[in-house]
>>> print(open('target-v2.cif').read())   # mmCIF, C-alpha atoms
data_start
#
loop_
_atom_site.group_PDB
_atom_site.id
_atom_site.type_symbol
_atom_site.label_atom_id
_atom_site.label_comp_id
_atom_site.auth_asym_id
_atom_site.auth_seq_id
_atom_site.Cartn_x
_atom_site.Cartn_y
_atom_site.Cartn_z
ATOM 1 C CA MET Y 284 -30.614 -0.266 31.445
ATOM 2 C CA THR Y 285 -29.338 -0.250 35.010
ATOM 3 C CA VAL Y 286 -25.982 -1.896 35.767
ATOM 4 C CA ARG Y 287 -25.334 -1.576 39.491
ATOM 5 C CA ASN Y 288 -23.168 -3.161 42.197
ATOM 6 C CA ASN Y 289 -21.591 -5.850 40.028
ATOM 7 C CA TYR Y 290 -18.107 -7.349 40.098
ATOM 8 C CA VAL Y 291 -16.925 -7.382 36.470
ATOM 9 C CA HIS Y 292 -13.552 -9.098 36.311
ATOM 10 C CA ASP Y 293 -11.060 -11.271 34.422
ATOM 11 C CA ASN Y 294 -12.876 -11.222 31.083
ATOM 12 C CA TYR Y 295 -10.658 -12.037 28.137
ATOM 13 C CA SER Y 296 -12.002 -8.989 26.333
ATOM 14 C CA VAL Y 297 -14.090 -5.986 27.406
ATOM 15 C CA GLY Y 298 -15.906 -6.047 30.754
ATOM 16 C CA ILE Y 299 -19.139 -4.329 29.664
ATOM 17 C CA TRP Y 300 -19.709 -3.173 26.085
ATOM 18 C CA ALA Y 301 -22.832 -1.183 25.178
ATOM 19 C CA ASP Y 302 -22.740 -0.941 21.400
ATOM 20 C CA THR Y 303 -25.179 0.537 18.863
ATOM 21 C CA GLY Y 304 -28.316 2.483 19.639
ATOM 22 C CA ASN Y 305 -28.254 2.254 23.430
ATOM 23 C CA ASP Y 306 -29.765 5.108 25.422
ATOM 24 C CA GLY Y 307 -30.003 5.953 29.102
ATOM 25 C CA PHE Y 308 -27.586 3.511 30.715
ATOM 26 C CA SER Y 309 -27.088 3.917 34.474
ATOM 27 C CA ILE Y 310 -23.761 2.264 35.390
ATOM 28 C CA GLN Y 311 -23.101 2.830 39.084
ATOM 29 C CA GLY Y 312 -21.280 1.260 42.000
ATOM 30 C CA ASN Y 313 -19.573 -1.506 40.028
ATOM 31 C CA TYR Y 314 -16.082 -2.925 40.514
ATOM 32 C CA PHE Y 315 -14.170 -3.576 37.264
ATOM 33 C CA SER Y 316 -10.933 -5.489 37.663
ATOM 34 C CA ALA Y 317 -8.352 -7.303 35.523
ATOM 35 C CA ASN Y 318 -10.288 -7.289 32.257
ATOM 36 C CA TYR Y 319 -7.925 -7.997 29.350
ATOM 37 C CA ALA Y 320 -9.290 -5.052 27.360
ATOM 38 C CA GLU Y 321 -11.262 -1.989 28.398
ATOM 39 C CA ALA Y 322 -13.447 -2.271 31.458
ATOM 40 C CA LEU Y 323 -16.288 -0.338 29.808
ATOM 41 C CA ILE Y 324 -17.024 0.722 26.233
ATOM 42 C CA TYR Y 325 -19.983 2.913 25.279
ATOM 43 C CA GLU Y 326 -20.226 2.992 21.469
ATOM 44 C CA ILE Y 327 -22.538 4.775 18.971
ATOM 45 C CA SER Y 328 -25.009 5.311 21.808
ATOM 46 C CA TYR Y 329 -26.549 8.096 23.863
ATOM 47 C CA ASN Y 330 -27.049 9.597 27.312
ATOM 48 C CA ALA Y 331 -25.517 7.717 30.231
ATOM 49 C CA LEU Y 332 -24.406 8.076 33.833
ATOM 50 C CA ILE Y 333 -21.181 6.275 34.759
ATOM 51 C CA LYS Y 334 -20.767 7.066 38.439
ATOM 52 C CA GLY Y 335 -19.140 5.764 41.586
ATOM 53 C CA ASN Y 336 -17.414 2.808 39.966
ATOM 54 C CA THR Y 337 -13.961 1.399 40.704
ATOM 55 C CA PHE Y 338 -11.661 0.494 37.816
ATOM 56 C CA THR Y 339 -8.440 -1.326 38.630
ATOM 57 C CA GLY Y 340 -5.945 -3.211 36.498
ATOM 58 C CA ASN Y 341 -7.911 -3.123 33.237
ATOM 59 C CA ALA Y 342 -6.718 -3.169 29.588
ATOM 60 C CA TRP Y 343 -3.249 -4.495 30.392
ATOM 61 C CA GLY Y 344 -3.554 -7.104 27.643
ATOM 62 C CA THR Y 345 -4.662 -4.937 24.743
ATOM 63 C CA GLY Y 346 -2.436 -2.110 25.925
ATOM 64 C CA ALA Y 347 0.693 -4.246 25.881
ATOM 65 C CA ALA Y 348 -0.221 -5.457 22.385
ATOM 66 C CA ASP Y 349 0.396 -1.851 21.243
ATOM 67 C CA SER Y 350 -2.393 -1.333 18.722
ATOM 68 C CA GLY Y 351 -1.362 2.267 18.127
ATOM 69 C CA PHE Y 352 -4.411 3.484 20.024
ATOM 70 C CA PRO Y 353 -4.431 4.462 23.720
ATOM 71 C CA ASP Y 354 -6.344 1.689 25.469
ATOM 72 C CA SER Y 355 -8.197 2.842 28.565
ATOM 73 C CA ALA Y 356 -10.444 1.690 31.384
ATOM 74 C CA VAL Y 357 -13.393 3.656 29.943
ATOM 75 C CA TYR Y 358 -13.635 4.162 26.197
ATOM 76 C CA ILE Y 359 -16.331 6.420 24.719
ATOM 77 C CA SER Y 360 -16.638 5.930 20.969
ATOM 78 C CA GLU Y 361 -18.990 8.146 18.921
ATOM 79 C CA SER Y 362 -21.329 8.473 21.902
ATOM 80 C CA GLY Y 363 -22.604 11.330 24.013
ATOM 81 C CA GLY Y 364 -25.505 13.272 25.352
ATOM 82 C CA ASP Y 365 -28.353 14.295 23.069
ATOM 83 C CA SER Y 366 -31.707 15.651 24.253
ATOM 84 C CA ARG Y 367 -33.319 14.520 20.989
ATOM 85 C CA VAL Y 368 -33.084 10.916 22.209
ATOM 86 C CA PRO Y 369 -35.338 10.578 25.306
ATOM 87 C CA ASN Y 370 -34.875 7.981 28.028
ATOM 88 C CA ARG Y 371 -36.659 7.112 31.240
ATOM 89 C CA PHE Y 372 -33.905 8.556 33.455
ATOM 90 C CA GLY Y 373 -34.092 11.941 31.736
ATOM 91 C CA TYR Y 374 -30.357 11.897 30.963
ATOM 92 C CA ARG Y 375 -29.257 14.473 28.396
ATOM 93 C CA THR Y 376 -25.518 14.141 28.860
ATOM 94 C CA LEU Y 377 -22.969 11.407 29.174
ATOM 95 C CA ALA Y 378 -21.465 11.907 32.641
ATOM 96 C CA ILE Y 379 -18.412 10.031 33.928
ATOM 97 C CA GLU Y 380 -18.139 11.173 37.512
ATOM 98 C CA ASP Y 381 -16.905 10.233 40.981
ATOM 99 C CA ASN Y 382 -15.135 7.074 39.819
ATOM 100 C CA THR Y 383 -11.800 5.730 41.030
ATOM 101 C CA PHE Y 384 -9.225 4.591 38.458
ATOM 102 C CA THR Y 385 -6.203 2.701 39.784
ATOM 103 C CA ASP Y 386 -3.362 1.284 37.670
ATOM 104 C CA ASN Y 387 -5.317 0.678 34.498
ATOM 105 C CA TRP Y 388 -3.513 0.916 31.158
ATOM 106 C CA GLY Y 389 -5.273 4.259 30.729
ATOM 107 C CA GLY Y 390 -8.081 6.314 32.209
ATOM 108 C CA VAL Y 391 -10.825 7.774 30.006
ATOM 109 C CA VAL Y 392 -10.613 8.179 26.223
ATOM 110 C CA LEU Y 393 -13.204 10.190 24.268
ATOM 111 C CA TRP Y 394 -12.958 9.406 20.562
ATOM 112 C CA GLU Y 395 -14.927 10.099 17.391
ATOM 113 C CA ASN Y 396 -14.131 8.375 14.124
ATOM 114 C CA PRO Y 397 -14.478 10.996 11.351
ATOM 115 C CA ASN Y 398 -15.283 8.354 8.750
ATOM 116 C CA ARG Y 399 -18.092 6.682 10.682
ATOM 117 C CA PHE Y 400 -21.683 7.784 10.092
ATOM 118 C CA CYS Y 401 -25.038 6.412 9.065
ATOM 119 C CA GLY Y 402 -24.787 5.230 5.466
ATOM 120 C CA ASP Y 403 -21.012 4.809 5.415
ATOM 121 C CA GLY Y 404 -21.373 1.114 4.605
ATOM 122 C CA SER Y 405 -19.725 -0.175 7.775
ATOM 123 C CA ASP Y 406 -22.882 -1.534 9.405
ATOM 124 C CA ASP Y 407 -26.682 -1.584 9.210
ATOM 125 C CA ALA Y 408 -27.308 0.951 11.988
ATOM 126 C CA CYS Y 409 -28.405 4.558 11.864
ATOM 127 C CA THR Y 410 -28.582 7.385 14.367
ATOM 128 C CA LEU Y 411 -31.598 7.902 16.647
ATOM 129 C CA VAL Y 412 -31.709 11.703 16.692
ATOM 130 C CA ALA Y 413 -34.149 12.121 13.778
ATOM 131 C CA PRO Y 414 -35.578 8.706 12.858
ATOM 132 C CA SER Y 415 -38.169 10.170 10.506
ATOM 133 C CA ALA Y 416 -35.437 11.804 8.421
ATOM 134 C CA ALA Y 417 -32.221 9.852 8.897
ATOM 135 C CA SER Y 418 -31.981 6.369 7.469
ATOM 136 C CA ILE Y 419 -29.183 4.516 5.750
ATOM 137 C CA GLY Y 420 -30.701 5.385 2.383
ATOM 138 C CA THR Y 421 -31.384 9.071 2.991
ATOM 139 C CA CYS Y 422 -28.033 9.654 4.681
ATOM 140 C CA ARG Y 423 -26.092 7.905 1.943
ATOM 141 C CA SER Y 424 -27.905 9.899 -0.728
ATOM 142 C CA ALA Y 425 -27.736 13.279 0.993
ATOM 143 C CA LEU Y 426 -24.148 13.062 2.186
ATOM 144 C CA GLY Y 427 -23.015 12.114 -1.281
ATOM 145 C CA ASP Y 428 -24.492 15.317 -2.692
ATOM 146 C CA PRO Y 429 -22.615 18.484 -1.600
ATOM 147 C CA ALA Y 430 -25.690 20.588 -2.304
ATOM 148 C CA ARG Y 431 -27.707 18.646 0.308
ATOM 149 C CA ASN Y 432 -25.427 18.557 3.341
ATOM 150 C CA GLN Y 433 -25.242 22.188 4.361
ATOM 151 C CA ALA Y 434 -25.868 23.330 7.945
ATOM 152 C CA ALA Y 435 -28.799 25.484 6.835
ATOM 153 C CA ASP Y 436 -30.616 22.493 5.337
ATOM 154 C CA ASP Y 437 -33.743 21.081 6.951
ATOM 155 C CA PRO Y 438 -33.128 18.334 7.834
ATOM 156 C CA ASP Y 439 -29.436 18.961 8.402
ATOM 157 C CA TYR Y 440 -28.065 15.638 7.195
ATOM 158 C CA PHE Y 441 -24.516 16.687 8.079
ATOM 159 C CA ASP Y 442 -25.709 16.680 11.704
ATOM 160 C CA VAL Y 443 -28.374 13.978 11.966
ATOM 161 C CA CYS Y 444 -26.392 11.302 10.128
ATOM 162 C CA ARG Y 445 -23.432 11.411 12.554
ATOM 163 C CA TRP Y 446 -22.849 9.637 15.836
ATOM 164 C CA LYS Y 447 -21.091 12.274 17.907
ATOM 165 C CA THR Y 448 -18.944 12.272 20.993
ATOM 166 C CA GLN Y 449 -20.590 15.313 22.513
ATOM 167 C CA ASN Y 450 -21.866 16.649 25.832
ATOM 168 C CA VAL Y 451 -19.526 14.345 27.743
ATOM 169 C CA THR Y 452 -18.381 15.442 31.213
ATOM 170 C CA VAL Y 453 -15.516 13.710 33.011
ATOM 171 C CA SER Y 454 -15.526 15.128 36.543
ATOM 172 C CA GLY Y 455 -14.748 14.353 40.151
ATOM 173 C CA ASN Y 456 -12.740 11.249 39.323
ATOM 174 C CA ALA Y 457 -9.566 10.014 41.013
ATOM 175 C CA PHE Y 458 -6.957 8.869 38.473
ATOM 176 C CA ARG Y 459 -4.117 6.926 40.129
ATOM 177 C CA PHE Y 460 -1.315 5.462 38.058
ATOM 178 C CA ASN Y 461 1.954 3.730 38.892
ATOM 179 C CA PRO Y 462 3.644 2.354 35.746
ATOM 180 C CA ALA Y 463 5.728 -0.077 37.789
ATOM 181 C CA THR Y 464 2.556 -1.790 38.994
ATOM 182 C CA VAL Y 465 1.255 -2.211 35.447
ATOM 183 C CA GLY Y 466 4.550 -3.747 34.320
ATOM 184 C CA PRO Y 467 7.534 -3.216 32.011
ATOM 185 C CA ALA Y 468 5.379 -2.989 28.889
ATOM 186 C CA CYS Y 469 3.718 0.139 30.314
ATOM 187 C CA THR Y 470 5.581 2.895 28.512
ATOM 188 C CA ALA Y 471 4.628 6.215 26.983
ATOM 189 C CA ALA Y 472 5.519 4.799 23.560
ATOM 190 C CA ARG Y 473 2.701 2.269 24.053
ATOM 191 C CA SER Y 474 0.304 5.006 25.247
ATOM 192 C CA CYS Y 475 0.226 3.726 28.810
ATOM 193 C CA GLY Y 476 -1.169 6.170 31.365
ATOM 194 C CA PHE Y 477 -3.220 8.352 29.009
ATOM 195 C CA ASN Y 478 -6.491 10.251 29.077
ATOM 196 C CA GLY Y 479 -7.667 11.661 25.776
ATOM 197 C CA LEU Y 480 -10.074 13.733 23.714
ATOM 198 C CA PHE Y 481 -9.376 13.423 20.007
ATOM 199 C CA SER Y 482 -10.274 12.290 16.498
ATOM 200 C CA GLN Y 483 -8.192 12.065 13.320
ATOM 201 C CA TYR Y 484 -8.017 13.467 9.785
ATOM 202 C CA GLY Y 485 -11.182 12.575 7.887
ATOM 203 C CA SER Y 486 -11.036 10.956 4.463
ATOM 204 C CA THR Y 487 -14.749 10.479 3.693
ATOM 205 C CA ARG Y 488 -16.956 13.233 2.289
ATOM 206 C CA PRO Y 489 -18.404 15.414 3.746
ATOM 207 C CA TYR Y 490 -16.393 14.909 6.962
ATOM 208 C CA THR Y 491 -13.028 15.324 5.287
ATOM 209 C CA GLY Y 492 -10.006 17.113 6.685
ATOM 210 C CA TRP Y 493 -9.938 18.394 10.252
ATOM 211 C CA VAL Y 494 -13.654 19.128 10.687
ATOM 212 C CA VAL Y 495 -14.320 16.319 13.199
ATOM 213 C CA PRO Y 496 -11.165 16.872 15.320
ATOM 214 C CA VAL Y 497 -12.075 20.563 15.540
ATOM 215 C CA ASN Y 498 -15.647 19.777 16.559
ATOM 216 C CA ILE Y 499 -14.890 17.117 19.178
ATOM 217 C CA SER Y 500 -12.190 19.329 20.685
ATOM 218 C CA ASP Y 501 -13.937 22.678 20.829
ATOM 219 C CA HIS Y 502 -17.559 22.643 19.667
ATOM 220 C CA GLN Y 503 -19.253 19.613 21.207
ATOM 221 C CA ASP Y 504 -19.121 20.463 24.915
ATOM 222 C CA ASN Y 505 -16.721 17.728 25.979
ATOM 223 C CA VAL Y 506 -15.211 18.642 29.340
ATOM 224 C CA PHE Y 507 -12.722 17.210 31.820
ATOM 225 C CA ARG Y 508 -12.866 19.049 35.166
ATOM 226 C CA ASP Y 509 -12.389 18.732 38.930
ATOM 227 C CA ASN Y 510 -10.409 15.501 38.707
ATOM 228 C CA THR Y 511 -7.444 14.343 40.790
ATOM 229 C CA TYR Y 512 -4.404 12.878 39.045
ATOM 230 C CA THR Y 513 -1.676 10.930 40.825
ATOM 231 C CA GLY Y 514 1.235 9.613 38.781
ATOM 232 C CA PRO Y 515 2.892 10.452 35.443
ATOM 233 C CA TRP Y 516 -0.272 10.909 33.377
ATOM 234 C CA ARG Y 517 -0.120 12.006 29.745
ATOM 235 C CA PHE Y 518 -2.828 13.210 27.394
ATOM 236 C CA ASP Y 519 -3.872 12.875 23.754
ATOM 237 C CA GLY Y 520 -5.579 15.976 22.413
ATOM 238 C CA PHE Y 521 -7.133 16.978 19.100
ATOM 239 C CA ALA Y 522 -5.717 14.216 16.857
ATOM 240 C CA LEU Y 523 -4.738 10.591 17.422
ATOM 241 C CA GLY Y 524 -1.097 10.417 18.437
ATOM 242 C CA ASP Y 525 -0.807 14.055 19.514
ATOM 243 C CA THR Y 526 0.586 13.562 23.009
ATOM 244 C CA VAL Y 527 0.663 16.627 25.221
ATOM 245 C CA SER Y 528 1.828 17.409 28.735
ATOM 246 C CA TRP Y 529 -0.350 18.360 31.684
ATOM 247 C CA SER Y 530 0.649 21.975 31.141
ATOM 248 C CA ARG Y 531 -0.514 22.043 27.513
ATOM 249 C CA TRP Y 532 -3.632 19.964 28.251
ATOM 250 C CA THR Y 533 -4.724 22.447 30.897
ATOM 251 C CA SER Y 534 -3.757 25.665 29.128
ATOM 252 C CA GLY Y 535 -4.804 24.754 25.588
ATOM 253 C CA PHE Y 536 -2.629 24.577 22.515
ATOM 254 C CA LYS Y 537 -2.549 25.136 18.791
ATOM 255 C CA ASP Y 538 -2.661 21.995 16.694
ATOM 256 C CA GLY Y 539 0.605 21.271 14.916
ATOM 257 C CA ASN Y 540 -0.800 19.161 12.074
ATOM 258 C CA GLY Y 541 -1.533 22.061 9.749
ATOM 259 C CA SER Y 542 -5.177 22.564 10.650
ATOM 260 C CA ASN Y 543 -4.533 25.981 12.230
ATOM 261 C CA ALA Y 544 -7.047 24.952 14.906
ATOM 262 C CA SER Y 545 -6.814 25.327 18.650
ATOM 263 C CA PHE Y 546 -7.524 22.833 21.425
ATOM 264 C CA GLY Y 547 -9.240 24.438 24.393
ATOM 265 C CA ALA Y 548 -7.996 24.129 27.964
ATOM 266 C CA GLN Y 549 -9.212 21.092 29.912
ATOM 267 C CA ASP Y 550 -9.371 19.991 33.560
ATOM 268 C CA ALA Y 551 -10.359 23.237 35.260
ATOM 269 C CA GLY Y 552 -10.386 22.707 39.007
ATOM 270 C CA SER Y 553 -8.292 19.544 38.757
ATOM 271 C CA THR Y 554 -5.030 18.698 40.490
ATOM 272 C CA TYR Y 555 -2.001 16.868 39.135
ATOM 273 C CA ASN Y 556 0.217 15.304 41.800
ATOM 274 C CA SER Y 557 -1.160 17.809 44.313
ATOM 275 C CA THR Y 558 -0.610 20.863 42.089
ATOM 276 C CA SER Y 559 -3.397 22.995 40.659
ATOM 277 C CA ARG Y 560 -4.478 23.027 37.045
ATOM 278 C CA THR Y 561 -2.358 26.045 36.180
ATOM 279 C CA ASP Y 562 0.873 24.340 37.325
ATOM 280 C CA GLY Y 563 2.752 22.315 34.725
#
>>> encode(input="target-v2.cif", output="structure tokens")
Amino acid sequence: MTVRNNYVHDNYSVGIWADTGNDGFSIQGNYFSANYAEALIYEISYNALIKGNTFTGNAWGTGAADSGFPDSAVYISESGGDSRVPNRFGYRTLAIEDNTFTDNWGGVVLWENPNRFCGDGSDDACTLVAPSAASIGTCRSALGDPARNQAADDPDYFDVCRWKTQNVTVSGNAFRFNPATVGPACTAARSCGFNGLFSQYGSTRPYTGWVVPVNISDHQDNVFRDNTYTGPWRFDGFALGDTVSWSRWTSGFKDGNGSNASFGAQDAGSTYNSTSRTDG
């Protein structure tokens, strides 16, 4: 799918929403403005290029409603790059690059629901990474049996039954944010002005505990780098609701939820209000 040079504006919901089993979207040169919710959602899908777009004034409606989740202009949900899913563009990553974000409720959020996977009962979809092995039936059966969901298994159901936020690069973007322009509802308590990379504590076997937050944070090649931030940006890292400063986001930190895990440094080569990454 190619989505190019469109004006996507004033929708009373999401501007563009690619949901379930999409692969190889090229979303370039579009202007997203004043959409009530996110400008762009890419959900349980694969391999995309989101480049050279302008996002302005999006997600003010859902953000002000304070859902407890940081609404953003671009929301990546259980989606990423995977070479096992071919597409005509040859994309193997999910790249969000060279876009301009101005006075949206938030910038870019990368999220993975630990309790969402093929066979979890939430929908009739399954992953595309190993269609000959992974189906709703095989995933439900294998993941319910601890003896059959080990990493050394072939097939590795623990892997092939999950939609993952992985191999996502957020680079070369300009993030501009003035809370006064967004309005009085735009406060840190309502998660206004956030970028994020996080999951939450899992409650469904075999993805229980902190396994998914650890993986999305440090083992799935998700990278923010070479971006420019203007304004009082904040960041969610590791787990939903864990708000960290620019200094901690860019130097890394130890999770304080009891997982004993670490969140790796993000935004190498980026600037924050004209200071380098290493400045708080």
>>> residues_near_point(input="target-v2.cif", point="(4.8, 6.1, 26.8)", cutoff="12 Å", atoms="only C-alpha atoms", output="list in words")
Gly346, Ala347, Asp349, Gly351, Phe352, Pro353, Trp388, Gly389, Pro462, Pro467, Ala468, Cys469, Thr470, Ala471, Ala472, Arg473, Ser474, Cys475, Gly476, Phe477, Pro515, Trp516, Arg517, Phe518, Asp519, Gly524, Thr526, Val527 and Ser528 of chain Y
>>> resolve_selection(input="target-v2.cif", expression="the PyMOL selection byres ((chain Y and resi 442) around 12)", output="PyMOL selection string")
chain Y and resi 365+400-401+410-413+416-417+422+425-426+431-441+443-447+489-490+495+498+503
>>> write_last_selection(input="target-v2.cif", atoms="C-alpha atoms", output="compact mmCIF listing (two decimals), in the frame of the given file")
# COMPACT_ATOMS: atom_id res chain seq x y z
CA ASP Y 365 -28.35 14.30 23.07
CA PHE Y 400 -21.68 7.78 10.09
CA CYS Y 401 -25.04 6.41 9.06
CA THR Y 410 -28.58 7.38 14.37
CA LEU Y 411 -31.60 7.90 16.65
CA VAL Y 412 -31.71 11.70 16.69
CA ALA Y 413 -34.15 12.12 13.78
CA ALA Y 416 -35.44 11.80 8.42
CA ALA Y 417 -32.22 9.85 8.90
CA CYS Y 422 -28.03 9.65 4.68
CA ALA Y 425 -27.74 13.28 0.99
CA LEU Y 426 -24.15 13.06 2.19
CA ARG Y 431 -27.71 18.65 0.31
CA ASN Y 432 -25.43 18.56 3.34
CA GLN Y 433 -25.24 22.19 4.36
CA ALA Y 434 -25.87 23.33 7.94
CA ALA Y 435 -28.80 25.48 6.84
CA ASP Y 436 -30.62 22.49 5.34
CA ASP Y 437 -33.74 21.08 6.95
CA PRO Y 438 -33.13 18.33 7.83
CA ASP Y 439 -29.44 18.96 8.40
CA TYR Y 440 -28.06 15.64 7.20
CA PHE Y 441 -24.52 16.69 8.08
CA VAL Y 443 -28.37 13.98 11.97
CA CYS Y 444 -26.39 11.30 10.13
CA ARG Y 445 -23.43 11.41 12.55
CA TRP Y 446 -22.85 9.64 15.84
CA LYS Y 447 -21.09 12.27 17.91
CA PRO Y 489 -18.40 15.41 3.75
CA TYR Y 490 -16.39 14.91 6.96
CA VAL Y 495 -14.32 16.32 13.20
CA ASN Y 498 -15.65 19.78 16.56
CA GLN Y 503 -19.25 19.61 21.21
>>> axis_aligned_box(input="target-v2.cif", around="region 521-537 of chain Y", padding_each_side="8 Å", output="JSON")
{"center_x": -2.7, "center_y": 18.0, "center_z": 24.3, "size_x": 25.0, "size_y": 31.2, "size_z": 30.8}
>>> atom_distance(input="target-v2.cif", atom1="CA of Ala342 (chain Y)", atom2="CA of Val297 (chain Y)")
8.2 Å
>>> atom_distance(input="target-v2.cif", atom1="CA of Glu361 (chain Y)", atom2="CA of Asn398 (chain Y)")
10.8 Å
>>> resolve_selection(input="target-v2.cif", expression="the PyMOL selection byres ((chain Y and resi 537-548) around 7)", output="VMD selection string")
chain Y and resid 493 497 500 to 501 521 532 to 536 549
>>> residues_around(input="target-v2.cif", residues="Val391 (chain Y)", least_positions_apart="6", cutoff="12 Å", atoms="only C-alpha atoms", output="ChimeraX atom specification")
/Y:321-325,333,338,341-342,353-360,378-380,382-385,451-454,456-458,475-481,506-507,510,516-519
